[in-house]
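**Q** For reference, the structure I am asking about is given below.
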Amino acid sequence: MSDRADLLQGTLDLLILKALLPAALHGWGISKRIRELSYDVLQVNQGSLYPALYRLEDRGLVRSSWGISPEGRRAKFYTLTAAGRKRFAEEKANWRLFTSAVEQILHAP
Amino acid sequence: MLPDGIPGANGTGLISRWQRRTTALFRRAAVERDMAEEMRLHIEMEAEELARTRGLSDAVALRQARLAFGGGERFREEGRDARGTRWLEDVATDARYAVRTLLRSPGFAVAAALTLALGIGATTALFSVVHAALLEPLPFGDPAHTVVVWSGSFENSGSWMSYDEYEVLTYQPHIFDAVGVYDVETQSVTGAGDPERVHAAQISQRTLGVLGVAPMLGRGFLPQEDVPGANDVALIGYSFWQRHFGGDPAAVGRRIEVAGKPKLIVGVMPANFRMPLDYDERGATQLLTPLAASDSEYGAVPGPALAPGGGSHGLYAVAHLAHGVTIAQANNELEKVASRLIDEGVYTGPTRFRLTAVPLREQISGSLRPVLLILLGAVALVLVIACANVAGLLFVRGERRRRETSLRTVLGAARSRLARQFLTEGLVIALVGGTLGMLVAWLGVTATRAWAPRQLGLVSDVSLNLGVLAFALVTTIVTVLLFALAPSIAATRVRATESLKDGGRGTTISRARLRARQLMVVGEIALSVVLIVGGGLMIRTVRRIMSIDPGFRSDHVLTMELSVPSSRYAEHERVSAFFDELRHRVEALPGVERAAAARLLPLATTIGNWGLVIPGYTPPPGQTTPGDWQIVTPGYFETMKLHLVAGRVFDERDHDGSPVVYVISQSMANEYFAHRNPIGASMRLSDDSAQMGTVIGVVRDVEHNGLTSITEPTFYAVHSQYYRSAHFTPRTMNLIVRTHGEPLGLARAVRQQVHALDPEIPVAHVRTMDDIVSSSIARQRFSMLLLGAFGALALSLAVVGIYGVVAQLVAARGQEFGVRAALGASPAALVRMSLRDGVRQTGAGLAIGAVTALMLSRLMQGMLYGVTPNDPLTFALAMILTGAIAMAASYLPARRAGRVDPASALSAG
């Protein structure tokens with residue numbers, strides 16, 4: 001259980017943090033939001049979603065609590081913590097750096 | 001779901017993370033429920049979405065959502081992993097599994113846990129005792145170089161010093177750089193609350209300095225306070241200070257009365273203060289006063305010169321060795337001093353004068369030492385044996401489970417996972433065994449403290465030695481873990497398929513490993529023999545001593561010590577009137593058969609001797625005519641039931657105004673009246689002004705100084721007449737009461753009679769004569785108990801060991817026995833075959849044990865009585881006992897060999 005996640009996991013963590021940025025969401029809401037934001041390109045594997053959420057919670061980046069969903073169901077909502085916001089900013093910068101580097105390589109003659 | 005109220009519960013720090021994990025662990029059920037609920041919700045929402053967007057029926061949508069989600073359990077597992085509590089949960093599972101497995105074979109679990117418990121517990125308790133007696137620092141400044149000096153007069157090597165001899169010692173700067181001298185007695189203290197009789201010492205000014213001790217409060221004695229006539233200061237002991245002054249520092253400066261004379265308290269001694277000879281039942285000295293010796297009272301001749309015969313012996317001397325001088329050198333030099341004095345003609349006798357210096361440690365725990373050292377060795381061996389036994393048990397278990405291990409390896413269990421599970425099992429055993437072990441250690445120490453006789457001073461101060469407890473715990477637990485792990489590593493290292501292929505039949509034990517275990521069993525049996533021989537010798541000793549006729553009857557006798565103060569009982573007539581009146585009052589009590597008083601109680605206090613003049617007897621040249629002196633009131637002989645041999649004993653006719661009479665012991669009659677009738681003969685004390693008295697009776701010898709010591713010629717004088725024999729009347733006497741019923745039941749009534757006569761007189765040492773007799777052999781009894789208990793422990797460990805080895809052999813040869821049974825071997829023959837090994841080890845163990853015991857028991861010589869260290873009966877019984885128990889322990893598992901079913905043994909997979 002190293003804190004350095006691999007690329008895929010790191011990406012999922014970034015997407016979850018991004019999805020939670022505006023408001024608290026429950027697990028299914030997160031997967032739906034990621035799907036919508038990516039125009040259905042990215043399908044989050046539910047099998048990875050929950051472990052990722054628990055891992056983020058273990059690291060103190062998100063926090064969870066039970067509440068009532070807009071659909072009127074009792075559901076567990078995830079919220080970003082201050083540390084989570086900070087981590088999102090860092091991860092975003094990392095990602096930008098990474099993608100621009102990859103872009104540069106791909107555009108090289 | 002996590003309580004937001006916990007500070008830092010949402011932090012990213014390590015602590016808050018562990019806090020969350022701990023919460024998750026303890027609320028595991030709730031967490032699991034949350035997780036299931038969350039996933040169910042996800043699937044339902046997905047299904048609703050599918051139904052809405054794609055127009056599927058609810059049932060189909062639900063199935064698709066479930067398929068999309070995948071196997072719930074797997075994600076839950078991953079979810080758990082992500083929470084970081086996975087391994088902790090595994091430990092809990094392992095522990096539960098381990099407990100279940102252990103409960104399935106309770107024999108193994110109990111044997112292992114008990115072996116650990118006994119190993120840890122007994123080792124710690126016993127080492128604590130040895131530590132208290134031999135290793136605990138003594139409460140003196142420099143105990144290694146401080147000695148007690150004894151003056152060996154006559155046959156006794158350890159006897160009192162005279163003041164003149166003490167003065168001789170102070171003139172030997174090449175041996176001692178400081179010498180102190182003191183006298184002990186019981187003193188009545190008044191003027192500080194309840195009157196009390198305390199153990200007191202009169203010390204020369206340098207004594208505390210020699211011992212390297214100082215008052216914790218106030219000051220010690222000044223040189224000018226240690227001169228005749230200036231003796232009006234006192235130091236009090238810690239417990240006296242607590243009892244009478246409630247620990248008030250203002251006690252220093254207060255006045256108390258000692259034997260009716262006022263003394264100024266100048267200091268308080270620390271709580272652990274003891275004089276070097278305080279390690280007996282009297283306990284710590286509670287009152288110190290200056291000896292204030294005057295030459296006229298204490299020494300016959302001033303300075304280094306000596307009176308003929310060395311003067312009156314009655315003092316204890318302590319000395320500090322000069323720089324660089326060893327005990328051996330000091331004793332060598334002392335011998336030279338003594339022979340020089342003999343050459344100078346001071347001591348006219350042959351080399352009867354001997355000075356010996358005994359180091360404090362030896363003085364205090366001397367005769368117990370060899371027994372304790374033997375036990376110390378045994379302690380270490382027992383710990384090794386306990387470890388070996390547990391290792392053996394775990395080993396057998398590992399072998400038995402080899403097939404299970406191989407199977408699980410093949411099925412994909414990680415080696416680390418298997419090892420962890422075995423380790424957990426070992427941990428459970430270690431935990432149970434360790435806890436029990438601590439309990440046993442605590443019980444052992446508590447029992448020792450409660451039962452160890454107070455004469456063994458240091459031993460009765462024993463406390464649980466935490467260092468040793470920790471050592472024993474760590475040693476055994478590391479052993480358990482190592483051997484719990486070893487089989488799992490060995491088993492997993494085996495090519496799993498091979499082990500499975502031969503169907504688990506090839507579980508042969510490596511020869512080397514078996515050999516090691518067999519050797520261990522031989523050692524265990526040998527150790528048992530040694531300890532049981534030791535215990536047996538002590539049992540025989542104690543029985544022999546108890547069967548000695550002390551010369552009096554100790555049953556139904558109550559005793560107490562009384563002292564009348566010289567201030568109010570100045571005249572000797574008043575002293576004897578008090579004791580005469582008291583014994584008559586006590587005799588009038590219901591339940592009392594007879595009462596009397598005596599200067600000293602047999603077996604309680606060593607008796608001293610007095611030079612005699614017996615007309616008609618001339619001592620050999622250079623010798624005197626000593627007699628141990630006992631002063632009694634009429635009724636003493638009847639109360640103590642001494643056997644009258646000839647003549648009559650004292651009665652009411654013998655009083656202050658009647659002629660001086662003596663009763664003598666059988667050995668005095670034999671020694672000094674060899675060829676004549678002692679009755680009617682005259683004798684007097686060697687003091688020239690002493691009145692001549694008449695011998696009126698002869699009684700059987702009383703073992704006054706100890707049941708096993710040499711009985712010296714003894715004479716008895718009447719208390720009220722002693723003034724005319726020796727110009728003094730003992731003011732401290734022991735009241736002796738023969739009762740019809742339980743003696744201590746009368747203690748209150750007797751005490752009331754004392755106080756009815758004089759309320760100011762303190763009563764001390766209320767005890768029965770039976771107690772005195774049994775505490776006089778406390779050392780022997782204690783050694784007997786220690787050796788016996790430890791022998792039993794070693795034997796039970798040997799039983800576990802031999803049982804384990806034979807069981808292991810039988811299990812390993814199961815298939816072979818099956819073949820033999822199929823070929824026609826009778827069950828009895830099979831049992832015999834498996835027994836053969838046990839017999840061989842038992843035999844070897846018995847032989848080695850007997851030889852070792854023969855060498856070691858000689859060290860115990862000093863403690864034995866009436867039995868030789870190589871007593872054949874004890875050796876035979878110890879070997880028969882150990883042998884029989886060892887054979888029984890190997891017969892139980894061997895029986896299984898006879899029950900092997902040939903068919904199942906051959907086909908067993």
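If you're wondering about the labels, chains in the structure tokens are A, B, ... by order shown, residues count from 1 in each chain, ligands from 1 in order shown.
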Give me the residues of chain A that have any atom at most 9 Å from an atom of chain B; for each, the nearest atom pair and the distance in Å, rounded to one decimal. Use only C-alpha atoms, sort by chain and number, and format it as JSON lines.

**A**
{"residue": "A:Met1", "atom": "CA", "partner": "B:Gly84", "partner_atom": "CA", "distance": 7.8}
{"residue": "A:His26", "atom": "CA", "partner": "B:His42", "partner_atom": "CA", "distance": 8.7}
{"residue": "A:Gly27", "atom": "CA", "partner": "B:His42", "partner_atom": "CA", "distance": 6.8}
{"residue": "A:Trp28", "atom": "CA", "partner": "B:His42", "partner_atom": "CA", "distance": 5.2}
{"residue": "A:Gly29", "atom": "CA", "partner": "B:His42", "partner_atom": "CA", "distance": 8.7}
{"residue": "A:Asn45", "atom": "CA", "partner": "B:Phe69", "partner_atom": "CA", "distance": 7.6}
{"residue": "A:Gln46", "atom": "CA", "partner": "B:Phe69", "partner_atom": "CA", "distance": 5.6}
{"residue": "A:Gly47", "atom": "CA", "partner": "B:Phe75", "partner_atom": "CA", "distance": 5.6}
{"residue": "A:Ser48", "atom": "CA", "partner": "B:Phe75", "partner_atom": "CA", "distance": 7.8}
{"residue": "A:Tyr50", "atom": "CA", "partner": "B:Gly79", "partner_atom": "CA", "distance": 6.5}
{"residue": "A:Pro51", "atom": "CA", "partner": "B:Gly79", "partner_atom": "CA", "distance": 4.4}
{"residue": "A:Ala52", "atom": "CA", "partner": "B:Ala82", "partner_atom": "CA", "distance": 7.3}
{"residue": "A:Leu53", "atom": "CA", "partner": "B:Ala82", "partner_atom": "CA", "distance": 8.5}
{"residue": "A:Tyr54", "atom": "CA", "partner": "B:Arg83", "partner_atom": "CA", "distance": 5.8}
{"residue": "A:Arg55", "atom": "CA", "partner": "B:Ala82", "partner_atom": "CA", "distance": 4.9}
{"residue": "A:Leu56", "atom": "CA", "partner": "B:Ala82", "partner_atom": "CA", "distance": 8.6}
{"residue": "A:Glu57", "atom": "CA", "partner": "B:Arg83", "partner_atom": "CA", "distance": 8.0}
{"residue": "A:Asp58", "atom": "CA", "partner": "B:Arg83", "partner_atom": "CA", "distance": 5.8}
{"residue": "A:Arg59", "atom": "CA", "partner": "B:Thr12", "partner_atom": "CA", "distance": 5.4}
{"residue": "A:Gly60", "atom": "CA", "partner": "B:Thr12", "partner_atom": "CA", "distance": 4.6}
{"residue": "A:Leu61", "atom": "CA", "partner": "B:Thr12", "partner_atom": "CA", "distance": 7.1}
{"residue": "A:Val62", "atom": "CA", "partner": "B:Asn10", "partner_atom": "CA", "distance": 7.9}
{"residue": "A:Arg63", "atom": "CA", "partner": "B:Asn10", "partner_atom": "CA", "distance": 6.8}
{"residue": "A:Ser64", "atom": "CA", "partner": "B:Met1", "partner_atom": "CA", "distance": 6.1}
{"residue": "A:Ser65", "atom": "CA", "partner": "B:Met1", "partner_atom": "CA", "distance": 4.7}
{"residue": "A:Trp66", "atom": "CA", "partner": "B:Met1", "partner_atom": "CA", "distance": 6.3}
{"residue": "A:Arg73", "atom": "CA", "partner": "B:Leu41", "partner_atom": "CA", "distance": 8.7}
{"residue": "A:Arg74", "atom": "CA", "partner": "B:Leu41", "partner_atom": "CA", "distance": 8.7}
{"residue": "A:Ala75", "atom": "CA", "partner": "B:Glu38", "partner_atom": "CA", "distance": 7.0}
{"residue": "A:Lys76", "atom": "CA", "partner": "B:Glu38", "partner_atom": "CA", "distance": 6.6}
{"residue": "A:Thr81", "atom": "CA", "partner": "B:Asn10", "partner_atom": "CA", "distance": 7.5}
{"residue": "A:Ala82", "atom": "CA", "partner": "B:Gly11", "partner_atom": "CA", "distance": 8.9}
{"residue": "A:Ala83", "atom": "CA", "partner": "B:Thr12", "partner_atom": "CA", "distance": 7.1}

**Q** Going by DSSP on the backbone, which bits of stretch 4-73 of chain A are helix (DSSP H, G or I)? Write them as a ChimeraX atom specification, please.

**A** /A:7-20,27-37,46-58

**Q** Using the selection just defined, write its residues with N, CA and C atoms as a short mmCIF file (atom, residue, chain, number, x, y, z; two decimals), in the first residue's frame.

**A**
data_model
loop_
_atom_site.label_atom_id
_atom_site.label_comp_id
_atom_site.auth_asym_id
_atom_site.auth_seq_id
_atom_site.Cartn_x
_atom_site.Cartn_y
_atom_site.Cartn_z
N LEU A 7 -0.23 5.01 -12.57
CA LEU A 7 -0.84 6.03 -13.42
C LEU A 7 -2.36 5.93 -13.40
N LEU A 8 -2.84 4.72 -13.60
CA LEU A 8 -4.27 4.53 -13.69
C LEU A 8 -4.97 4.95 -12.41
N GLN A 9 -4.43 4.45 -11.33
CA GLN A 9 -5.02 4.79 -10.04
C GLN A 9 -4.93 6.28 -9.79
N GLY A 10 -3.79 6.82 -10.12
CA GLY A 10 -3.58 8.25 -9.92
C GLY A 10 -4.62 9.04 -10.70
N THR A 11 -4.89 8.58 -11.92
CA THR A 11 -5.87 9.26 -12.76
C THR A 11 -7.25 9.19 -12.13
N LEU A 12 -7.59 7.99 -11.65
CA LEU A 12 -8.92 7.81 -11.05
C LEU A 12 -9.05 8.72 -9.83
N ASP A 13 -7.99 8.75 -9.00
CA ASP A 13 -8.03 9.61 -7.83
C ASP A 13 -8.28 11.06 -8.24
N LEU A 14 -7.57 11.50 -9.29
CA LEU A 14 -7.69 12.87 -9.78
C LEU A 14 -9.12 13.15 -10.21
N LEU A 15 -9.70 12.18 -10.96
CA LEU A 15 -11.06 12.37 -11.46
C LEU A 15 -12.07 12.42 -10.31
N ILE A 16 -11.85 11.55 -9.29
CA ILE A 16 -12.78 11.56 -8.16
C ILE A 16 -12.71 12.90 -7.43
N LEU A 17 -11.49 13.38 -7.22
CA LEU A 17 -11.32 14.65 -6.51
C LEU A 17 -12.01 15.78 -7.29
N LYS A 18 -11.82 15.74 -8.63
CA LYS A 18 -12.42 16.76 -9.51
C LYS A 18 -13.95 16.70 -9.41
N ALA A 19 -14.50 15.46 -9.43
CA ALA A 19 -15.95 15.29 -9.40
C ALA A 19 -16.52 15.82 -8.10
N LEU A 20 -15.74 15.70 -7.00
CA LEU A 20 -16.24 16.12 -5.70
C LEU A 20 -16.02 17.61 -5.44
N GLY A 27 -21.46 7.56 -4.08
CA GLY A 27 -20.60 6.78 -4.97
C GLY A 27 -21.12 6.72 -6.40
N TRP A 28 -22.41 6.41 -6.52
CA TRP A 28 -22.96 6.28 -7.87
C TRP A 28 -22.95 7.64 -8.55
N GLY A 29 -23.22 8.70 -7.78
CA GLY A 29 -23.20 10.06 -8.30
C GLY A 29 -21.83 10.41 -8.86
N ILE A 30 -20.79 9.96 -8.18
CA ILE A 30 -19.43 10.24 -8.65
C ILE A 30 -19.21 9.59 -10.00
N SER A 31 -19.61 8.28 -10.09
CA SER A 31 -19.35 7.58 -11.35
C SER A 31 -20.15 8.22 -12.49
N LYS A 32 -21.39 8.67 -12.13
CA LYS A 32 -22.24 9.29 -13.15
C LYS A 32 -21.62 10.61 -13.61
N ARG A 33 -21.14 11.38 -12.64
CA ARG A 33 -20.61 12.71 -12.95
C ARG A 33 -19.37 12.58 -13.84
N ILE A 34 -18.51 11.58 -13.51
CA ILE A 34 -17.31 11.39 -14.34
C ILE A 34 -17.71 11.02 -15.76
N ARG A 35 -18.73 10.14 -15.82
CA ARG A 35 -19.21 9.73 -17.14
C ARG A 35 -19.70 10.94 -17.92
N GLU A 36 -20.54 11.80 -17.26
CA GLU A 36 -21.11 12.96 -17.94
C GLU A 36 -20.03 13.95 -18.35
N LEU A 37 -19.10 14.22 -17.39
CA LEU A 37 -18.07 15.23 -17.68
C LEU A 37 -17.20 14.80 -18.85
N GLN A 46 -16.77 0.28 -11.42
CA GLN A 46 -17.23 0.38 -10.04
C GLN A 46 -16.32 -0.37 -9.08
N GLY A 47 -15.75 -1.44 -9.62
CA GLY A 47 -14.85 -2.25 -8.79
C GLY A 47 -13.63 -1.47 -8.34
N SER A 48 -13.26 -0.45 -9.09
CA SER A 48 -12.11 0.36 -8.67
C SER A 48 -12.58 1.58 -7.89
N LEU A 49 -13.81 2.00 -8.16
CA LEU A 49 -14.28 3.23 -7.56
C LEU A 49 -14.27 3.18 -6.03
N TYR A 50 -14.92 2.13 -5.52
CA TYR A 50 -15.06 2.09 -4.06
C TYR A 50 -13.73 1.90 -3.35
N PRO A 51 -12.90 0.95 -3.82
CA PRO A 51 -11.57 0.89 -3.17
C PRO A 51 -10.86 2.21 -3.22
N ALA A 52 -11.00 2.94 -4.36
CA ALA A 52 -10.31 4.23 -4.49
C ALA A 52 -10.86 5.20 -3.46
N LEU A 53 -12.20 5.17 -3.30
CA LEU A 53 -12.82 6.09 -2.33
C LEU A 53 -12.32 5.78 -0.90
N TYR A 54 -12.26 4.48 -0.57
CA TYR A 54 -11.82 4.10 0.78
C TYR A 54 -10.37 4.51 0.99
N ARG A 55 -9.58 4.35 -0.08
CA ARG A 55 -8.16 4.71 0.02
C ARG A 55 -8.03 6.21 0.26
N LEU A 56 -8.82 6.98 -0.50
CA LEU A 56 -8.77 8.43 -0.32
C LEU A 56 -9.22 8.83 1.08
N GLU A 57 -10.20 8.08 1.57
CA GLU A 57 -10.70 8.38 2.91
C GLU A 57 -9.62 8.03 3.95
N ASP A 58 -8.96 6.89 3.72
CA ASP A 58 -7.90 6.46 4.62
C ASP A 58 -6.80 7.52 4.68
#

**Q** Extract, using only C-alpha atoms, all DNA, RNA and protein residues at most 8 Å from stretch 886-889 of chain B, discarding same-chain residues fewer than 3 positions from it, and format them as a list of chain:residue names.

**A**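 The neighbour list is B:Ile525, B:Ala798, B:Val799, B:Val800, B:Ile802, B:Tyr803, B:Gly838, B:Val839, B:Thr842, B:Thr882, B:Gly883, B:Leu892, B:Pro893.
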
**Q** Based on the backbone DSSP call, show me all residues of chain A assigned strand (DSSP E), as a PyMOL selection string.

**A** chain A and resi 25-26+62-68+74-80

**Q** Next, dump the selected residues to file, keeping only N, CA and C atoms, as a JSON list (two decimals), in the first residue's frame.

**A**
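Saved the output as part_22.json:
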[["chain", "number", "residue", "atom", "x", "y", "z"],
["A", 25, "LEU", "N", -21.04, 14.16, -3.14],
["A", 25, "LEU", "CA", -21.76, 13.19, -3.98],
["A", 25, "LEU", "C", -21.69, 11.82, -3.35],
["A", 26, "HIS", "N", -22.67, 10.98, -3.70],
["A", 26, "HIS", "CA", -22.53, 9.58, -3.28],
["A", 26, "HIS", "C", -21.79, 8.82, -4.36],
["A", 62, "VAL", "N", -10.75, 12.63, 1.47],
["A", 62, "VAL", "CA", -12.20, 12.80, 1.46],
["A", 62, "VAL", "C", -12.73, 12.34, 2.80],
["A", 63, "ARG", "N", -13.97, 12.76, 3.03],
["A", 63, "ARG", "CA", -14.61, 12.33, 4.28],
["A", 63, "ARG", "C", -16.00, 11.90, 3.90],
["A", 64, "SER", "N", -16.60, 10.98, 4.62],
["A", 64, "SER", "CA", -17.91, 10.48, 4.22],
["A", 64, "SER", "C", -18.90, 10.62, 5.36],
["A", 65, "SER", "N", -20.16, 10.74, 4.98],
["A", 65, "SER", "CA", -21.23, 10.73, 5.99],
["A", 65, "SER", "C", -22.52, 10.35, 5.29],
["A", 66, "TRP", "N", -23.42, 9.77, 6.10],
["A", 66, "TRP", "CA", -24.69, 9.35, 5.53],
["A", 66, "TRP", "C", -25.66, 10.53, 5.46],
["A", 67, "GLY", "N", -26.39, 10.60, 4.35],
["A", 67, "GLY", "CA", -27.35, 11.69, 4.20],
["A", 67, "GLY", "C", -28.46, 11.26, 3.24],
["A", 68, "ILE", "N", -29.35, 12.19, 2.90],
["A", 68, "ILE", "CA", -30.46, 11.87, 1.99],
["A", 68, "ILE", "C", -30.14, 12.44, 0.61],
["A", 74, "ARG", "N", -31.48, 7.21, 1.33],
["A", 74, "ARG", "CA", -30.39, 7.36, 2.29],
["A", 74, "ARG", "C", -29.12, 6.88, 1.60],
["A", 75, "ALA", "N", -28.11, 7.74, 1.53],
["A", 75, "ALA", "CA", -26.89, 7.34, 0.82],
["A", 75, "ALA", "C", -25.67, 7.91, 1.52],
["A", 76, "LYS", "N", -24.53, 7.31, 1.20],
["A", 76, "LYS", "CA", -23.29, 7.78, 1.82],
["A", 76, "LYS", "C", -22.66, 8.82, 0.91],
["A", 77, "PHE", "N", -22.46, 10.01, 1.43],
["A", 77, "PHE", "CA", -21.93, 11.12, 0.65],
["A", 77, "PHE", "C", -20.47, 11.34, 0.95],
["A", 78, "TYR", "N", -19.72, 11.62, -0.11],
["A", 78, "TYR", "CA", -18.29, 11.90, 0.04],
["A", 78, "TYR", "C", -18.05, 13.38, -0.18],
["A", 79, "THR", "N", -17.24, 13.99, 0.66],
["A", 79, "THR", "CA", -16.92, 15.42, 0.57],
["A", 79, "THR", "C", -15.41, 15.55, 0.52],
["A", 80, "LEU", "N", -14.93, 16.56, -0.18],
["A", 80, "LEU", "CA", -13.49, 16.82, -0.18],
["A", 80, "LEU", "C", -13.11, 17.44, 1.15]]

**Q** Please provide as a ChimeraX atom specification all residues within 8 Å of stretch 127-134 of chain B, with the sequence filter that same-chain residues fewer than 3 positions apart are discarded (counting only C-alpha atoms).

**A** /B:123-124,361,365,369,372-373,376,379,445,448,458-459,461-465,468

**Q** Just write the chosen residues, N, CA and C atoms, as a compact mmCIF listing (two decimals), in the first residue's frame.

**A**
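Result written to out.txt:
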# COMPACT_ATOMS: atom_id res chain seq x y z
N THR B 123 11.13 -20.66 37.75
CA THR B 123 12.44 -20.06 37.56
C THR B 123 12.49 -18.68 38.21
N THR B 124 11.47 -17.88 37.94
CA THR B 124 11.48 -16.52 38.47
C THR B 124 11.38 -16.53 39.99
N ARG B 361 28.21 -11.36 54.33
CA ARG B 361 27.31 -12.16 53.49
C ARG B 361 27.26 -13.60 53.97
N SER B 365 23.85 -15.47 55.27
CA SER B 365 23.12 -16.55 54.60
C SER B 365 23.94 -17.82 54.51
N ARG B 369 23.71 -21.43 51.72
CA ARG B 369 24.39 -21.13 50.47
C ARG B 369 24.52 -22.32 49.51
N LEU B 372 21.22 -23.22 47.99
CA LEU B 372 20.76 -22.20 47.05
C LEU B 372 21.57 -22.25 45.76
N LEU B 373 22.87 -22.54 45.88
CA LEU B 373 23.68 -22.59 44.66
C LEU B 373 23.28 -23.78 43.80
N LEU B 376 20.24 -22.74 42.16
CA LEU B 376 20.48 -21.74 41.12
C LEU B 376 20.85 -22.42 39.81
N VAL B 379 17.81 -23.97 38.44
CA VAL B 379 16.91 -22.98 37.84
C VAL B 379 17.24 -22.81 36.36
N VAL B 445 6.56 -16.35 45.05
CA VAL B 445 7.23 -15.34 45.88
C VAL B 445 6.38 -15.00 47.09
N THR B 448 6.63 -17.80 49.53
CA THR B 448 7.92 -17.80 50.21
C THR B 448 7.94 -16.73 51.29
N LEU B 458 16.98 -12.53 55.13
CA LEU B 458 17.00 -12.05 53.75
C LEU B 458 15.99 -12.74 52.88
N VAL B 459 15.80 -14.06 53.11
CA VAL B 459 14.88 -14.80 52.25
C VAL B 459 13.46 -14.33 52.47
N ASP B 461 12.56 -11.50 53.05
CA ASP B 461 12.40 -10.18 52.44
C ASP B 461 12.26 -10.28 50.92
N VAL B 462 12.14 -11.51 50.40
CA VAL B 462 12.16 -11.71 48.95
C VAL B 462 11.07 -10.90 48.26
N SER B 463 11.42 -10.33 47.11
CA SER B 463 10.40 -9.69 46.29
C SER B 463 10.57 -10.20 44.86
N LEU B 464 9.50 -10.11 44.10
CA LEU B 464 9.51 -10.61 42.73
C LEU B 464 10.60 -9.89 41.94
N ASN B 465 11.50 -10.67 41.37
CA ASN B 465 12.59 -10.07 40.61
C ASN B 465 12.14 -9.84 39.18
N VAL B 468 14.44 -10.91 36.19
CA VAL B 468 14.44 -12.34 35.87
C VAL B 468 13.13 -12.74 35.22

**Q** Grab the atom CA of B:Gly437 to atom CA of B:Val522 distance for me, in Å with one decimal place.

**A** 25.0 Å

**Q** Record the distance separating atom CA of B:Tyr166 and atom CA of B:Glu335, expressed in Å with one decimal.

**A**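 The value is 14.7 Å.
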
**Q** Could you tell me how far atom CA of B:Asp164 sits from atom CA of B:Pro290, in Å to one decimal place?

**A** 17.8 Å

**Q** Find the residues near stretch 170-181 of chain B: any atom within 7 Å, counting only C-alpha atoms, skip ones fewer than 6 places away on the same chain, and give them as a VMD selection string.

**A** chain B and resid 203 to 204 206 to 207 210 304 315 to 322 325 330

**Q** Please determine, counting only C-alpha atoms, which residue among B:Phe273, B:Gly377, B:Tyr722, B:Val258 has the shortest atom-to-atom distance to B:His572.

**A** B:Tyr722
